[in-house]
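Below is one structure, written out as structure tokens, with a few remarks after it.
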Amino acid sequence: MLGYIVRRLITAVIVVLGVTAVSFAILHFLSPTPAYAVLGTKATHAAVVSWNKQHGYDRPEIVQFFSYLGNLVQLNFGYSYKLNQSVAALFNEDVGRSAYLSGAALVLSLIIAVPLGIAQAVKRNSPGDYAATAINFTLYSMPSFFLGLILIQLFALDLNIFPVGVGDNITTAWQAITHPRQLCLPIVTLALLNVASFSRYMRSSALDELAQDYIRLARAKGLSERAVLFRHLLRNASLPVITLVGLSIPTLLAGNLLIEYLFNYSGLGLLFYNALGNEDYNILLAYVLVGAILTVLGNLIADLAIATADPRVRLD
Amino acid sequence: MAAPALKVENLSTEIRLSRATVQPVGNVSLEIGEGETLGLVGESGCGKSMLGLSVLGLLPTGGHVTEGSIKLGDKELVGLPERELRRIRGNDIAMIFQDSLSSLNPTKSIGEQVSEPVRLHRGVSRKEALDRALEVLELVGLPRPRERLSDYPHQLSGGLRQRVMIAIALACEPRVLLADEPTTALDVTIQAQILSVLDDLEQRLGMATLLVTHDMGVVAGRSRRINVMYAGRIVETAPSEELFSSMRHPYTQSLLGSIPRLESDPGRPLLSIPGLPPDLTDPPQGCRFAPRCQFATDQCRAQEPPLSGDSDHKFACWHPVDGPAVAVSASTGTRVSVTREPAPAGPAATVAGPVVQNGAGPLLEVVNAVREYPVTAGTMLKRKVNSVKAVSDVTLQVRAGEAVGLVGESGCGKTSLGKLIVGIEKPDGGQIRIAGEEIFRKRGGELRRARRTVQMMFQDPYGSLDPRMRVRAILREPLQIQGVGSTREQDDRVRGLLSEVGLPLNALERYPHEFSGGQRQRIALARALTLEPRIMVADEPVSALDVSIRSQVLNLMKRLQTERNMASVVISHDLAVVKYLADRIGVMYLGKLVEVGTGDDIYRRPAHPYTEALIKTIPVPDPAVEQAKRGVAIRGELPSPINPPSGCRFRTRCPLAQEICAQVEPPMRRFGQSHQAACHFPLQTPEPELPLAPSGDAAGSASGH
């Protein structure tokens, strides 16, 4: 098992290196130097050349890439000339808040989706099942910002239960946790988007498992329907969803982007959004890198979770 | 006798589906006393499983009992609230299902699963329940049960899993045990072990057992009484001996007559029941068997016969028969009640006459063939750590017009050998020669042309036909690939084939799902024959089919084999099927060919102890024979083909094994004209001559290479 994790981590490093190389190359091709962004578009050629020389942007691209890599190892993600702060410091500030938003949304969506999917499978083709399916498809096809806008209109502007956006007073993850009312709408918006796909998966996998003989045997043992579902069905039916959850971890990060912008919640997503407009490309690079790391880690975690939950899967 | 443990009276059930209502069980009555086994025999879809599930109150969604009563002792179960039924399930009435892999929860340990009903019904602690689990696992003969408690189902073999399932059923010492096809998914040798466990337990625990099966052989020696079920009705019920010796219902008669038997003459076609069981959403009026019954009259088609007769032997038929059909024909010398295959319409109907086996050399030669599948380790760099020895040094010859059968337990390498013969896989050693040439070593177009010489018929008629191709396209595809004939000629050949396998011409425009299993297997056979191969390999051609359908396909295969003078290799786990179809039989064990001989050599004069054990374990539909063979003929399970035992591979399970068996691999020795076996301590006296060279084979014919 340990050997397996080590090997997977080695593969992960290779994948992340590849992603870094490709995104570095693309960004440098599009904009070889941040000089104009720093000095302004009207900067003289001489000023740019001297800025480049000063900040090492006159070196060959390959050298620049390796020096970037060397910095990465020391957790130095470069410098944001626009915000006048190191990228690492900026990320450090925002990562907790984003993680809290994504994590809470993920947990909430599972709490809703798993029982919902099982209930739909048990009562398949009933009016309730059809209604849930209809709602799921509506949610699934809705863009995240649109769903967010609807919820803001309904719960913030009309009913006045929650604030429209997250206030500026929330500056740390801990403050976010201790002010649940302010975070409620963004978390619910993000969660609902996932409920749709998770519960569809859960429903179909529960349907498959319900038709299995071991469910019949469990009933023949004299177990109540509840016990059959909780002791026998739940674990087996959840297996396919585990992989899905692992794969959705990086999507949560992307989902954050619009939701954070919409609710004015300062997290990684908002940081990235602003960096896009500013051509603040050390931030952009770092964000892509974080996405790659999350994808690889999400996969690994899902595989490990499957191996723990399903004794038939052996990792070696 | 005391009050029966389980008494079912006039039970009818129905299941409401979205479009129709099925009545899977109609007016069924039966009773089982304590310590007694009642056999319930019928084909798939006849309602026998539904009867078992009705007793437990576990009919599928939309199902319920419409009429009748089910009594456990004095307690009426029909109409009992779910709560109380749950207290009876798994406690007073337990059930064993057919497929032990899908019936055990894959994510729970054996200990948890066996102790679960104990905790539920006895309210004991976890520890006490586990102790009880250990006790029952020991009772069902699970080796080293304590170590197995924390194992998961996938870590056990099929036979051991089935023991675990029996242990679950027995955990609370039920009064009634419903065994639904308890051994159908198992190999014959393991089946014999499981059946003897059941026999033993039933006597020791005094349970009432309902043994549900499609296999007449399984119930023959085990139940005092047998009920035969057809299309939801009990059509005949009698004490075992009487049912087998003097059945009255034509269905019982044809069911028994349609089973290929080891002792019967393979030259005589099997009795076959034409047509298919009725659709239970719309059962025929009158007797439900009438549409398939040769004795049916207008009365049968109008009026349903009641179950009547003397109290011991009842049957539901207006025109009862008298005893088995085969016996009648044997004594009078005529085949009075044998239903023949529909006569073929094509020009090929002229029978090619008996197969002449002299003259030309072998058409197919398998010479020292070896096939090993690598076992790899490591995720990034796959390195070969070992190999599964699927086929090890097998030598076999088949002449034109000859049919050779391969038998053995699952995992013995018979299918791998079949794949080598067809050229789907290449041997890792040795040669596959067809007409003296290694045709599969060719490349490109030459190889493609060579492939038409050998064709294959597969086991699963559902998986082997492309569901999105019409039958015409399925049958024409091989001709198109091989570029045989014009479109018109191809079409003519397809039509000819269709009538040869007994399907109507309108089948051409239909899709595979519109056919029954038996019909699909006919299509599969036709497809194998489109290219007029010189050799056909049939891998388990009938094991997915119901008994009454099986004989139709077997008769057809046998006829076409003879007519086309084709060499064929028939692979099956069922020795009787192989003996019926094949002139010679090869017995395989763990990748090795251990004995070869004619059907009679193998059945009457087996030389290898494995062959003998295999024959002994096959359930025979004859109560006297079955009761006579008590005890288990073969112990243990098939060893791993990754590390096969040294010397003779059978020695770990062989009653005669001695030291030499572990050290020296026994060579093939000759026991008769075409009879050879590889054993140090054979059951027959070998012919006094030198052991054959390993490449030599039957009939003293050319070992010239």
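Chain labels A, B, ... are given in the sequence in which chains occur in the structure tokens; within each chain residues are numbered consecutively from 1, and ligands are likewise numbered from 1 in the order shown.
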Original post:
Near stretch 51-67 of chain A, within 9 Å and counting only C-alpha atoms, which residues show up once chain neighbours fewer than 4 positions away are dropped, as a list in words?
Top reply: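 Neighbouring residues, sequence-local ones excluded: Ala21, Phe24, Ala25, His28, Pro32, Thr33, Pro34, Ala35, Leu39, Ala46, Ala47, Asn71 and Leu72 of chain A.
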**OP:** At a cut-off of 9 Å, list the chain A residues touching chain B, using only C-alpha atoms, as a ChimeraX atom specification.
**Re:** /A:4,7-8,11,212-224,232-233,235-236,309-312,315-316
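Look at A:Ala119: the protein and nucleic acid residues within 12 Å of it, using only C-alpha atoms and passing over chain neighbours fewer than 3 places away, are Ile112, Ala113, Val114, Pro115, Leu116, Val122, Lys123, Arg124, Asn125, Ser126, Gly128, Asp129, Tyr130, Ala132, Thr133, Ser199, Arg200, Met202, Arg203, Ser204, Ala206, Leu207, Leu210, Arg226, Leu229, Phe230, Leu233 and Leu234 of chain A.
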Subject >> Residues within 12 Å of A:Leu154, only C-alpha atoms, excluding chain neighbours under 6 positions, as a list in words >> reply: Leu147, Gly148, Asn160, Ile161, Phe162, Pro163, Val164 and Leu185 of chain A
Put those residues in a file: N, CA and C atoms, as a PDB file, in the first residue's frame.
ATOM      1  N   LEU A 147     -27.754  30.297 -11.015  1.00  0.00           N
ATOM      2  CA  LEU A 147     -28.358  29.730  -9.815  1.00  0.00           C
ATOM      3  C   LEU A 147     -28.078  30.646  -8.627  1.00  0.00           C
ATOM      4  N   GLY A 148     -26.827  31.141  -8.569  1.00  0.00           N
ATOM      5  CA  GLY A 148     -26.457  32.038  -7.485  1.00  0.00           C
ATOM      6  C   GLY A 148     -27.330  33.295  -7.492  1.00  0.00           C
ATOM      7  N   ASN A 160     -34.941  38.497   2.464  1.00  0.00           N
ATOM      8  CA  ASN A 160     -34.050  39.167   3.401  1.00  0.00           C
ATOM      9  C   ASN A 160     -33.546  38.268   4.538  1.00  0.00           C
ATOM     10  N   ILE A 161     -33.346  36.999   4.260  1.00  0.00           N
ATOM     11  CA  ILE A 161     -32.863  36.071   5.291  1.00  0.00           C
ATOM     12  C   ILE A 161     -31.343  36.120   5.362  1.00  0.00           C
ATOM     13  N   PHE A 162     -30.698  36.142   4.187  1.00  0.00           N
ATOM     14  CA  PHE A 162     -29.235  36.115   4.143  1.00  0.00           C
ATOM     15  C   PHE A 162     -28.728  37.402   3.501  1.00  0.00           C
ATOM     16  N   PRO A 163     -27.478  37.777   3.808  1.00  0.00           N
ATOM     17  CA  PRO A 163     -26.922  38.959   3.154  1.00  0.00           C
ATOM     18  C   PRO A 163     -26.654  38.697   1.666  1.00  0.00           C
ATOM     19  N   VAL A 164     -26.608  39.778   0.868  1.00  0.00           N
ATOM     20  CA  VAL A 164     -26.424  39.637  -0.574  1.00  0.00           C
ATOM     21  C   VAL A 164     -25.059  39.041  -0.902  1.00  0.00           C
ATOM     22  N   LEU A 185     -25.396  31.241   1.517  1.00  0.00           N
ATOM     23  CA  LEU A 185     -25.794  31.241   0.107  1.00  0.00           C
ATOM     24  C   LEU A 185     -24.708  30.703  -0.818  1.00  0.00           C
TER      25      LEU A 185
END
**OP:** Write down as a count of residues only the residues of stretch 25-258 of chain A whose backbone DSSP state falls under helix (DSSP H, G or I).
**Re:** 179
**OP:** Please provide as an MDAnalysis selection string all residues within 7 Å of B:Lys389, with the sequence filter that same-chain residues fewer than 3 positions apart are discarded (counting only C-alpha atoms).
**Re:** chainID B and resid 371:373 392 591 641:642
Original post:
Which residue out of B:Leu243, B:Cys317, B:Val569, B:Val188 has the minimum interatomic distance to B:Arg399 when only C-alpha atoms are used?
Top reply: B:Val569
**OP:** Return as JSON, numbers by chain the full set of residues in stretch 406-493 of chain B whose backbone-based DSSP assignment is strand (DSSP E).
**Re:** {"B": [406, 407, 429, 430, 431, 432, 433, 434, 454, 455, 456, 457]}
Original post:
Which of these residues is nearest to B:Pro324, using only C-alpha atoms: B:Gln191, B:Ser254, B:Thr617, B:Ser272?
Top reply: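 When distances to B:Pro324 are compared using only C-alpha atoms, the smallest one comes from B:Ser254.
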Original post:
atom CA of B:Gly68 and atom CA of B:Asp546 are how many Å apart?
Top reply: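 Value for the atom CA of B:Gly68-atom CA of B:Asp546 distance: 29.6 Å.
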Mind checking which residues fall within 9 Å of A:Ile301, counting only C-alpha atoms, ignoring those fewer than 5 positions away in the same chain, and posting them as an mmCIF file with N, CA and C atoms, in the first residue's frame?
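Output contents, as saved in result_23.cif:
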data_model
loop_
_atom_site.group_PDB
_atom_site.id
_atom_site.type_symbol
_atom_site.label_atom_id
_atom_site.label_comp_id
_atom_site.auth_asym_id
_atom_site.auth_seq_id
_atom_site.Cartn_x
_atom_site.Cartn_y
_atom_site.Cartn_z
ATOM 1 N N THR A 243 -15.370 7.674 -6.688
ATOM 2 C CA THR A 243 -14.525 8.112 -7.797
ATOM 3 C C THR A 243 -14.991 9.473 -8.312
ATOM 4 N N GLY A 246 -13.904 12.254 -6.066
ATOM 5 C CA GLY A 246 -12.488 12.534 -6.247
ATOM 6 C C GLY A 246 -12.240 13.387 -7.480
ATOM 7 N N VAL A 296 -4.685 15.626 -9.625
ATOM 8 C CA VAL A 296 -3.913 14.410 -9.376
ATOM 9 C C VAL A 296 -4.189 13.875 -7.969
ATOM 10 N N ILE A 306 -11.489 4.112 -2.397
ATOM 11 C CA ILE A 306 -12.124 2.920 -2.971
ATOM 12 C C ILE A 306 -11.466 1.665 -2.383
#
Original post:
Do you have the atom CA of B:Arg472-atom CA of B:Arg495 distance handy?
Top reply: 8.6 Å
Subject >> Pick from A:Val166, A:Ala305, A:Leu75, A:Leu193 nearest to A:Ala88, counting only C-alpha atoms >> reply: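 Looking only at the distances to A:Ala88, the closest residue turns out to be A:Leu75.
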Original post:
Nearest to B:Cys412 among B:Leu271, B:Leu560, B:Met588, B:Leu529, with distances taken over only C-alpha atoms: which residue is it?
Top reply: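 Once distances to B:Cys412 are computed over only C-alpha atoms, the minimum belongs to B:Met588.
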**OP:** Could you please determine the separation between atom CA of B:Val388 and atom CA of B:Ile571 in Å, to one decimal place?
**Re:**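 Distance between the two atoms: 20.0 Å.
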Subject >> Residues near B:Glu138, cut-off 10 Å, only C-alpha atoms, skip fewer than 5 positions along chain, as a list in words >> reply: Arg132, Ala133, Pro143, Arg144, Pro145, Arg146, Arg163, Val164 and Ala167 of chain B
